$ cat run11.cif   # mmCIF, C-alpha atoms and all ligand atoms
data_protein
loop_
_atom_site.label_atom_id
_atom_site.label_comp_id
_atom_site.auth_asym_id
_atom_site.auth_seq_id
_atom_site.Cartn_x
_atom_site.Cartn_y
_atom_site.Cartn_z
CA MET Q 1 0.00 0.00 0.00
CA LEU Q 2 1.15 3.48 -0.89
CA MET Q 3 1.99 5.92 1.96
CA ALA Q 4 -0.45 4.46 4.47
CA ASN Q 5 0.59 7.02 7.07
CA GLY Q 6 -1.83 9.76 6.34
CA VAL Q 7 -2.38 11.14 2.87
CA ARG Q 8 -4.78 14.04 2.68
CA LEU Q 9 -5.37 15.31 -0.82
CA ILE Q 10 -7.73 17.70 -2.52
CA PHE Q 11 -8.43 17.04 -6.18
CA LEU Q 12 -9.09 20.16 -8.19
CA GLY Q 13 -9.95 20.42 -11.86
CA ALA Q 14 -12.84 21.21 -14.17
CA PRO Q 15 -15.82 18.90 -14.64
CA GLY Q 16 -14.62 16.08 -16.90
CA ALA Q 17 -10.95 16.47 -15.92
CA GLY Q 18 -10.87 12.92 -14.57
CA LYS Q 19 -10.88 13.74 -10.83
CA GLY Q 20 -13.35 10.98 -9.98
CA THR Q 21 -11.51 8.28 -11.92
CA GLN Q 22 -8.08 9.19 -10.59
CA ALA Q 23 -9.30 9.78 -7.04
CA THR Q 24 -10.87 6.31 -7.02
CA ILE Q 25 -7.64 4.65 -8.18
CA LEU Q 26 -5.39 6.58 -5.79
CA ALA Q 27 -7.68 6.17 -2.78
CA GLU Q 28 -7.73 2.43 -3.38
CA ALA Q 29 -3.92 2.33 -3.69
CA CYS Q 30 -3.53 4.27 -0.42
CA GLY Q 31 -6.32 2.49 1.46
CA ILE Q 32 -8.13 5.73 2.25
CA PRO Q 33 -11.66 6.92 1.46
CA HIS Q 34 -12.49 8.83 -1.72
CA ILE Q 35 -14.94 11.51 -0.67
CA SER Q 36 -16.86 12.94 -3.61
CA THR Q 37 -19.48 15.57 -2.76
CA GLY Q 38 -21.00 15.02 -6.23
CA ASP Q 39 -21.43 11.28 -5.49
CA ILE Q 40 -22.91 12.04 -2.06
CA LEU Q 41 -25.39 14.47 -3.63
CA ARG Q 42 -26.35 12.08 -6.47
CA GLN Q 43 -26.93 9.33 -3.91
CA ALA Q 44 -29.09 11.65 -1.80
CA ILE Q 45 -31.10 12.63 -4.88
CA ALA Q 46 -31.60 8.98 -5.90
CA ASN Q 47 -32.77 8.15 -2.35
CA HIS Q 48 -35.08 11.20 -2.16
CA THR Q 49 -33.57 12.27 1.16
CA PRO Q 50 -34.21 15.83 2.44
CA LEU Q 51 -30.70 16.77 1.26
CA GLY Q 52 -31.42 15.25 -2.15
CA GLN Q 53 -34.66 17.14 -2.50
CA LYS Q 54 -32.97 20.43 -1.66
CA ALA Q 55 -29.99 19.77 -3.97
CA GLN Q 56 -31.76 18.29 -7.00
CA ASP Q 57 -32.58 21.43 -9.00
CA TYR Q 58 -29.13 22.93 -8.50
CA VAL Q 59 -27.36 19.76 -9.62
CA ASN Q 60 -29.59 19.30 -12.66
CA GLN Q 61 -28.98 22.89 -13.73
CA GLY Q 62 -25.23 22.72 -13.24
CA GLU Q 63 -25.26 25.27 -10.41
CA LEU Q 64 -23.40 24.79 -7.14
CA VAL Q 65 -25.68 23.75 -4.31
CA PRO Q 66 -25.67 26.32 -1.47
CA ASP Q 67 -22.70 26.06 0.91
CA SER Q 68 -25.15 25.58 3.80
CA LEU Q 69 -26.03 22.13 2.38
CA ILE Q 70 -22.42 21.04 1.94
CA LEU Q 71 -20.42 22.33 4.88
CA ASP Q 72 -22.05 20.29 7.66
CA LEU Q 73 -21.89 17.24 5.46
CA ILE Q 74 -18.10 17.63 5.07
CA ARG Q 75 -17.67 18.34 8.77
CA GLU Q 76 -19.39 15.04 9.58
CA ARG Q 77 -17.71 13.05 6.83
CA LEU Q 78 -14.19 14.04 7.89
CA GLN Q 79 -14.87 12.73 11.39
CA HIS Q 80 -15.77 9.16 10.34
CA THR Q 81 -13.40 6.55 11.71
CA ASP Q 82 -12.37 5.57 8.16
CA THR Q 83 -10.60 8.93 7.73
CA SER Q 84 -7.92 8.34 10.37
CA ASN Q 85 -5.33 7.38 7.71
CA GLY Q 86 -6.31 10.16 5.34
CA TRP Q 87 -8.72 10.98 2.56
CA ILE Q 88 -9.05 12.27 -0.96
CA LEU Q 89 -11.56 15.05 -1.47
CA ASP Q 90 -13.05 15.24 -4.96
CA GLY Q 91 -15.43 18.09 -5.82
CA PHE Q 92 -14.84 19.96 -2.57
CA PRO Q 93 -13.90 22.77 -2.02
CA ARG Q 94 -15.75 24.25 -4.97
CA ASN Q 95 -15.42 27.96 -4.08
CA VAL Q 96 -13.16 30.08 -1.90
CA ASN Q 97 -15.66 30.15 0.98
CA GLN Q 98 -15.63 26.33 1.08
CA ALA Q 99 -11.81 26.37 0.97
CA GLU Q 100 -11.66 28.76 3.91
CA PHE Q 101 -14.18 26.64 5.81
CA LEU Q 102 -12.07 23.54 5.15
CA SER Q 103 -8.86 25.20 6.36
CA ALA Q 104 -10.56 26.16 9.65
CA LEU Q 105 -12.18 22.73 9.99
CA LEU Q 106 -8.87 20.91 9.51
CA ILE Q 107 -7.24 23.02 12.23
CA GLU Q 108 -10.16 22.18 14.52
CA LEU Q 109 -9.87 18.45 13.70
CA ASN Q 110 -6.10 18.56 14.01
CA GLN Q 111 -5.65 17.31 10.45
CA ASP Q 112 -3.51 18.74 7.69
CA CYS Q 113 -4.03 18.64 3.95
CA ASP Q 114 -0.83 17.60 2.12
CA PHE Q 115 -1.59 18.98 -1.34
CA ALA Q 116 -4.24 20.25 -3.63
CA ILE Q 117 -3.68 18.63 -7.01
CA ASN Q 118 -4.96 20.42 -10.08
CA LEU Q 119 -5.71 18.13 -13.00
CA GLU Q 120 -5.34 20.34 -16.04
CA VAL Q 121 -7.29 19.44 -19.17
CA SER Q 122 -8.07 21.50 -22.29
CA ASP Q 123 -11.64 22.72 -22.83
CA ASP Q 124 -12.05 20.64 -26.01
CA SER Q 125 -11.17 17.42 -24.16
CA LEU Q 126 -13.43 18.35 -21.23
CA ILE Q 127 -16.50 18.78 -23.44
CA GLU Q 128 -15.70 15.62 -25.41
CA ARG Q 129 -15.31 13.58 -22.20
CA LEU Q 130 -18.44 14.97 -20.56
CA LEU Q 131 -20.59 14.26 -23.61
CA ALA Q 132 -19.20 10.72 -23.78
CA ARG Q 133 -19.96 10.15 -20.06
CA GLY Q 134 -23.70 10.80 -20.47
CA ARG Q 135 -24.66 11.53 -16.85
CA LYS Q 136 -27.99 13.32 -16.37
CA ASP Q 137 -26.22 16.68 -15.96
CA ASP Q 138 -23.95 15.97 -18.96
CA ASN Q 139 -26.07 17.56 -21.69
CA ARG Q 140 -24.69 20.45 -23.76
CA GLU Q 141 -26.54 23.20 -21.94
CA THR Q 142 -25.68 22.03 -18.43
CA ILE Q 143 -22.07 21.30 -19.40
CA HIS Q 144 -21.72 24.87 -20.62
CA ARG Q 145 -23.10 26.19 -17.33
CA ARG Q 146 -20.90 23.89 -15.23
CA LEU Q 147 -17.78 25.05 -17.07
CA GLU Q 148 -18.82 28.66 -16.52
CA VAL Q 149 -19.47 28.02 -12.81
CA TYR Q 150 -16.08 26.31 -12.66
CA ARG Q 151 -14.26 29.29 -14.18
CA HIS Q 152 -15.95 31.87 -11.99
CA GLN Q 153 -16.30 30.11 -8.65
CA THR Q 154 -13.97 27.11 -8.55
CA ALA Q 155 -10.87 28.23 -10.49
CA PRO Q 156 -10.04 30.82 -7.74
CA VAL Q 157 -9.60 27.87 -5.36
CA ILE Q 158 -6.49 26.90 -7.37
CA ASP Q 159 -4.98 30.25 -6.51
CA TYR Q 160 -6.00 29.85 -2.86
CA TYR Q 161 -3.85 26.69 -2.55
CA ASN Q 162 -1.09 28.09 -4.73
CA LYS Q 163 -0.68 30.98 -2.27
CA GLN Q 164 -0.41 28.43 0.54
CA HIS Q 165 2.33 26.62 -1.46
CA ARG Q 166 0.25 23.46 -1.45
CA LEU Q 167 -0.59 23.26 -5.15
CA LYS Q 168 0.66 20.61 -7.56
CA THR Q 169 -0.38 20.59 -11.18
CA VAL Q 170 -0.71 17.43 -13.25
CA ASP Q 171 -1.34 17.35 -17.00
CA GLY Q 172 -4.63 15.49 -17.29
CA ASP Q 173 -4.67 15.44 -21.09
CA ARG Q 174 -2.81 12.13 -21.26
CA PRO Q 175 -3.57 8.40 -21.02
CA MET Q 176 -5.06 7.37 -17.68
CA ASN Q 177 -2.05 5.31 -16.54
CA ALA Q 178 0.43 8.11 -17.12
CA ILE Q 179 -1.68 10.44 -14.99
CA THR Q 180 -1.97 7.87 -12.20
CA GLU Q 181 1.83 7.43 -12.19
CA ASP Q 182 2.33 11.20 -11.88
CA LEU Q 183 -0.16 11.36 -9.03
CA LYS Q 184 1.59 8.57 -7.18
CA ALA Q 185 4.92 10.36 -7.67
CA CYS Q 186 3.37 13.54 -6.21
CA ILE Q 187 2.61 11.85 -2.90
CA GLN Q 188 5.87 9.96 -2.48
CA PRO Q 189 7.96 11.50 0.29
P1 LIG Q 201 -19.40 16.64 -9.51
O1 LIG Q 201 -19.77 15.20 -9.51
O2 LIG Q 201 -18.29 16.97 -8.56
O3 LIG Q 201 -19.16 17.18 -10.90
O4 LIG Q 201 -20.67 17.43 -8.93
C1 LIG Q 201 -21.92 17.38 -9.58
C2 LIG Q 201 -22.79 18.53 -9.10
O5 LIG Q 201 -22.98 18.43 -7.69
C3 LIG Q 201 -22.20 19.91 -9.32
O6 LIG Q 201 -22.48 20.41 -10.62
C4 LIG Q 201 -22.93 20.72 -8.23
O7 LIG Q 201 -24.26 20.97 -8.60
C5 LIG Q 201 -22.97 19.72 -7.08
N1 LIG Q 201 -21.79 19.80 -6.19
C6 LIG Q 201 -20.83 18.85 -6.00
N2 LIG Q 201 -19.93 19.24 -5.10
C7 LIG Q 201 -20.31 20.48 -4.68
C8 LIG Q 201 -19.78 21.41 -3.75
N3 LIG Q 201 -18.65 21.18 -3.08
N4 LIG Q 201 -20.45 22.59 -3.59
C9 LIG Q 201 -21.57 22.86 -4.26
N5 LIG Q 201 -22.12 22.02 -5.16
C10 LIG Q 201 -21.51 20.83 -5.37
#
$ encode --input "run11.cif" --output "structure tokens"
Amino acid sequence: MLMANGVRLIFLGAPGAGKGTQATILAEACGIPHISTGDILRQAIANHTPLGQKAQDYVNQGELVPDSLILDLIRERLQHTDTSNGWILDGFPRNVNQAEFLSALLIELNQDCDFAINLEVSDDSLIERLLARGRKDDNRETIHRRLEVYRHQTAPVIDYYNKQHRLKTVDGDRPMNAITEDLKACIQP
């Protein structure tokens, strides 16, 4: 197992950059949970939970769900016993307010994030990949909105971690294996 002694990573990157795929592979290799707020929300929507009902319209329209729905969820999730060896966050933080919340939460929980990893992919590849994926929110109109939301609200999070000297950038426009190898190299001591 890779670096079992605490790996705490934040995956950044546009919708379709491959965060989910790579986070799944790396989390498995490290024996730590892959925490995807998008997956949690889709599950809640499928199960018609109160969270799902509140989140549904935002997700379907490609808007961010309000921070008030996400922050408590992250606070709880990062205190599960399965997080004692680390975690990979995928899809959170999605704006600077969420990033600031996370920084304060990690101090409170006495945890430290190692890196934020930005998976960089060209716009053409993003759109091609999203259309091929065919999720409910992967139609042309919603994709366009999600990329816009990404540029305006999420891209500033890259700068937030860059200023903290915690940012690593990986070229995500390559075959899956090559990206995984780079990611593993990033977390080697
Ligand atoms: P994802 O699977 O990460 O692409 O997320 C799918 C959708 O879930 C997004 O388009 C948002 O509507 C919502 N979502 C996921 N994570 C967050 C978050 N951290 N803050 C707000 N909305 C989120």
$ closest_residue --input "run11.cif" --among "Q:Lys19, Q:Arg145, Q:Arg94, Q:Arg75" --to "Asn118 (chain Q)" --atoms "all atoms listed in the file"
Q:Lys19
$ closest_residue --input "run11.cif" --among "Q:Pro33, Q:Gly91, Q:Gly134, Q:Gly13" --to "ligand LIG 201 (chain Q)" --atoms "only C-alpha atoms and all ligand atoms"
Q:Gly91
$ axis_aligned_box --input "run11.cif" --around "ligand LIG 201 (chain Q)" --padding-each-side "8 Å" --output "JSON"
{"center_x": -21.3, "center_y": 19.0, "center_z": -7.0, "size_x": 22.0, "size_y": 23.7, "size_z": 23.8}
$ residues_near_ligand --input "run11.cif" --ligand "ligand LIG 201 (chain Q)" --cutoff "7 Å" --atoms "only C-alpha atoms and all ligand atoms" --output "ChimeraX atom specification"
/Q:15,36-39,41,58-60,62-67,70,90-94,146
$ residues_near_point --input "run11.cif" --point "(-7.1, 4.0, -0.8)" --cutoff "10 Å" --atoms "all atoms listed in the file" --output "list of chain:residue names"
Q:Met1, Q:Leu2, Q:Met3, Q:Ala4, Q:Val7, Q:Ala23, Q:Thr24, Q:Ile25, Q:Leu26, Q:Ala27, Q:Glu28, Q:Ala29, Q:Cys30, Q:Gly31, Q:Ile32, Q:Pro33, Q:His34, Q:Asn85, Q:Gly86, Q:Trp87, Q:Ile88
$ atom_distance --input "run11.cif" --atom1 "CA of Gln188 (chain Q)" --atom2 "CA of Ala104 (chain Q)"
26.1 Å
$ closest_residue --input "run11.cif" --among "Q:Phe11, Q:Gly16, Q:Asp112, Q:Ala155" --to "Arg135 (chain Q)" --atoms "all atoms listed in the file"
Q:Gly16
$ closest_residue --input "run11.cif" --among "Q:Asn97, Q:Thr169, Q:Thr83, Q:Thr154" --to "Phe115 (chain Q)" --atoms "all atoms listed in the file"
Q:Thr169
$ atom_distance --input "run11.cif" --atom1 "CA of Tyr161 (chain Q)" --atom2 "CA of Leu183 (chain Q)"
17.0 Å
$ closest_residue --input "run11.cif" --among "Q:Asn177, Q:Gln22, Q:His48, Q:Leu71" --to "Ile10 (chain Q)" --atoms "only C-alpha atoms"
Q:Gln22
$ closest_residue --input "run11.cif" --among "Q:Gln98, Q:Gln56, Q:Ser84, Q:Gln153" --to "Asp72 (chain Q)" --atoms "all atoms listed in the file"
Q:Gln98
$ decode --input "run11.cif" --residues "region 109-121 of chain Q" --atoms "all heavy atoms" --output "PDB file, in the first residue's frame"
ATOM      1  N   LEU Q 109      -9.937  19.913  13.614  1.00  0.00           N
ATOM      2  CA  LEU Q 109      -9.872  18.447  13.696  1.00  0.00           C
ATOM      3  C   LEU Q 109      -8.434  17.956  13.846  1.00  0.00           C
ATOM      4  O   LEU Q 109      -8.183  16.746  13.872  1.00  0.00           O
ATOM      5  CB  LEU Q 109     -10.494  17.798  12.453  1.00  0.00           C
ATOM      6  CG  LEU Q 109     -11.976  18.095  12.171  1.00  0.00           C
ATOM      7  CD1 LEU Q 109     -12.432  17.385  10.908  1.00  0.00           C
ATOM      8  CD2 LEU Q 109     -12.839  17.685  13.356  1.00  0.00           C
ATOM      9  N   ASN Q 110      -7.500  18.906  13.888  1.00  0.00           N
ATOM     10  CA  ASN Q 110      -6.097  18.557  14.012  1.00  0.00           C
ATOM     11  C   ASN Q 110      -5.616  17.672  12.857  1.00  0.00           C
ATOM     12  O   ASN Q 110      -4.899  16.685  13.055  1.00  0.00           O
ATOM     13  CB  ASN Q 110      -5.866  17.867  15.367  1.00  0.00           C
ATOM     14  CG  ASN Q 110      -4.442  18.026  15.818  1.00  0.00           C
ATOM     15  OD1 ASN Q 110      -3.712  18.862  15.268  1.00  0.00           O
ATOM     16  ND2 ASN Q 110      -4.020  17.222  16.791  1.00  0.00           N
ATOM     17  N   GLN Q 111      -6.076  18.010  11.667  1.00  0.00           N
ATOM     18  CA  GLN Q 111      -5.649  17.307  10.454  1.00  0.00           C
ATOM     19  C   GLN Q 111      -4.967  18.329   9.545  1.00  0.00           C
ATOM     20  O   GLN Q 111      -5.156  19.522   9.710  1.00  0.00           O
ATOM     21  CB  GLN Q 111      -6.863  16.730   9.710  1.00  0.00           C
ATOM     22  CG  GLN Q 111      -7.639  15.701  10.495  1.00  0.00           C
ATOM     23  CD  GLN Q 111      -8.754  15.073   9.646  1.00  0.00           C
ATOM     24  OE1 GLN Q 111      -8.769  15.163   8.429  1.00  0.00           O
ATOM     25  NE2 GLN Q 111      -9.695  14.433  10.320  1.00  0.00           N
ATOM     26  N   ASP Q 112      -4.165  17.813   8.599  1.00  0.00           N
ATOM     27  CA  ASP Q 112      -3.508  18.736   7.688  1.00  0.00           C
ATOM     28  C   ASP Q 112      -3.603  18.199   6.272  1.00  0.00           C
ATOM     29  O   ASP Q 112      -3.357  17.015   6.045  1.00  0.00           O
ATOM     30  CB  ASP Q 112      -2.041  18.898   8.108  1.00  0.00           C
ATOM     31  CG  ASP Q 112      -1.452  20.177   7.564  1.00  0.00           C
ATOM     32  OD1 ASP Q 112      -2.235  21.032   7.079  1.00  0.00           O
ATOM     33  OD2 ASP Q 112      -0.226  20.323   7.608  1.00  0.00           O
ATOM     34  N   CYS Q 113      -3.959  19.067   5.350  1.00  0.00           N
ATOM     35  CA  CYS Q 113      -4.027  18.641   3.948  1.00  0.00           C
ATOM     36  C   CYS Q 113      -2.610  18.690   3.373  1.00  0.00           C
ATOM     37  O   CYS Q 113      -1.878  19.650   3.596  1.00  0.00           O
ATOM     38  CB  CYS Q 113      -4.983  19.570   3.212  1.00  0.00           C
ATOM     39  SG  CYS Q 113      -4.548  19.906   1.534  1.00  0.00           S
ATOM     40  N   ASP Q 114      -2.187  17.621   2.685  1.00  0.00           N
ATOM     41  CA  ASP Q 114      -0.834  17.595   2.122  1.00  0.00           C
ATOM     42  C   ASP Q 114      -0.737  18.490   0.888  1.00  0.00           C
ATOM     43  O   ASP Q 114       0.097  19.363   0.826  1.00  0.00           O
ATOM     44  CB  ASP Q 114      -0.447  16.161   1.750  1.00  0.00           C
ATOM     45  CG  ASP Q 114      -0.445  15.276   2.970  1.00  0.00           C
ATOM     46  OD1 ASP Q 114       0.411  15.495   3.824  1.00  0.00           O
ATOM     47  OD2 ASP Q 114      -1.317  14.392   3.068  1.00  0.00           O
ATOM     48  N   PHE Q 115      -1.619  18.199  -0.096  1.00  0.00           N
ATOM     49  CA  PHE Q 115      -1.593  18.976  -1.337  1.00  0.00           C
ATOM     50  C   PHE Q 115      -2.976  19.120  -1.913  1.00  0.00           C
ATOM     51  O   PHE Q 115      -3.842  18.276  -1.685  1.00  0.00           O
ATOM     52  CB  PHE Q 115      -0.798  18.248  -2.444  1.00  0.00           C
ATOM     53  CG  PHE Q 115       0.576  17.896  -2.072  1.00  0.00           C
ATOM     54  CD1 PHE Q 115       0.933  16.572  -1.907  1.00  0.00           C
ATOM     55  CD2 PHE Q 115       1.527  18.886  -1.903  1.00  0.00           C
ATOM     56  CE1 PHE Q 115       2.219  16.226  -1.556  1.00  0.00           C
ATOM     57  CE2 PHE Q 115       2.808  18.541  -1.554  1.00  0.00           C
ATOM     58  CZ  PHE Q 115       3.162  17.210  -1.383  1.00  0.00           C
ATOM     59  N   ALA Q 116      -3.119  20.169  -2.703  1.00  0.00           N
ATOM     60  CA  ALA Q 116      -4.238  20.245  -3.633  1.00  0.00           C
ATOM     61  C   ALA Q 116      -3.631  19.955  -5.003  1.00  0.00           C
ATOM     62  O   ALA Q 116      -2.608  20.538  -5.376  1.00  0.00           O
ATOM     63  CB  ALA Q 116      -4.858  21.622  -3.598  1.00  0.00           C
ATOM     64  N   ILE Q 117      -4.215  19.008  -5.706  1.00  0.00           N
ATOM     65  CA  ILE Q 117      -3.681  18.629  -7.012  1.00  0.00           C
ATOM     66  C   ILE Q 117      -4.647  19.086  -8.095  1.00  0.00           C
ATOM     67  O   ILE Q 117      -5.822  18.734  -8.082  1.00  0.00           O
ATOM     68  CB  ILE Q 117      -3.471  17.103  -7.107  1.00  0.00           C
ATOM     69  CG1 ILE Q 117      -2.459  16.666  -6.049  1.00  0.00           C
ATOM     70  CG2 ILE Q 117      -2.997  16.716  -8.507  1.00  0.00           C
ATOM     71  CD1 ILE Q 117      -2.168  15.183  -6.035  1.00  0.00           C
ATOM     72  N   ASN Q 118      -4.124  19.909  -9.000  1.00  0.00           N
ATOM     73  CA  ASN Q 118      -4.961  20.423 -10.081  1.00  0.00           C
ATOM     74  C   ASN Q 118      -4.740  19.583 -11.335  1.00  0.00           C
ATOM     75  O   ASN Q 118      -3.648  19.557 -11.881  1.00  0.00           O
ATOM     76  CB  ASN Q 118      -4.596  21.892 -10.336  1.00  0.00           C
ATOM     77  CG  ASN Q 118      -5.469  22.507 -11.409  1.00  0.00           C
ATOM     78  OD1 ASN Q 118      -6.610  22.084 -11.604  1.00  0.00           O
ATOM     79  ND2 ASN Q 118      -4.939  23.484 -12.102  1.00  0.00           N
ATOM     80  N   LEU Q 119      -5.776  18.903 -11.758  1.00  0.00           N
ATOM     81  CA  LEU Q 119      -5.712  18.127 -13.002  1.00  0.00           C
ATOM     82  C   LEU Q 119      -6.089  19.052 -14.152  1.00  0.00           C
ATOM     83  O   LEU Q 119      -7.241  19.458 -14.270  1.00  0.00           O
ATOM     84  CB  LEU Q 119      -6.721  16.984 -12.943  1.00  0.00           C
ATOM     85  CG  LEU Q 119      -6.284  15.660 -12.357  1.00  0.00           C
ATOM     86  CD1 LEU Q 119      -7.437  14.664 -12.408  1.00  0.00           C
ATOM     87  CD2 LEU Q 119      -5.085  15.094 -13.110  1.00  0.00           C
ATOM     88  N   GLU Q 120      -5.111  19.371 -14.967  1.00  0.00           N
ATOM     89  CA  GLU Q 120      -5.341  20.344 -16.043  1.00  0.00           C
ATOM     90  C   GLU Q 120      -5.700  19.655 -17.349  1.00  0.00           C
ATOM     91  O   GLU Q 120      -4.948  18.794 -17.815  1.00  0.00           O
ATOM     92  CB  GLU Q 120      -4.061  21.158 -16.261  1.00  0.00           C
ATOM     93  CG  GLU Q 120      -4.182  22.538 -15.701  1.00  0.00           C
ATOM     94  CD  GLU Q 120      -2.958  23.379 -15.988  1.00  0.00           C
ATOM     95  OE1 GLU Q 120      -1.933  22.842 -16.471  1.00  0.00           O
ATOM     96  OE2 GLU Q 120      -3.019  24.570 -15.701  1.00  0.00           O
ATOM     97  N   VAL Q 121      -6.825  20.047 -17.915  1.00  0.00           N
ATOM     98  CA  VAL Q 121      -7.294  19.436 -19.173  1.00  0.00           C
ATOM     99  C   VAL Q 121      -7.844  20.551 -20.066  1.00  0.00           C
ATOM    100  O   VAL Q 121      -8.505  21.474 -19.577  1.00  0.00           O
ATOM    101  CB  VAL Q 121      -8.393  18.376 -18.870  1.00  0.00           C
ATOM    102  CG1 VAL Q 121      -9.015  17.850 -20.131  1.00  0.00           C
ATOM    103  CG2 VAL Q 121      -7.820  17.218 -18.052  1.00  0.00           C
TER     104      VAL Q 121
END
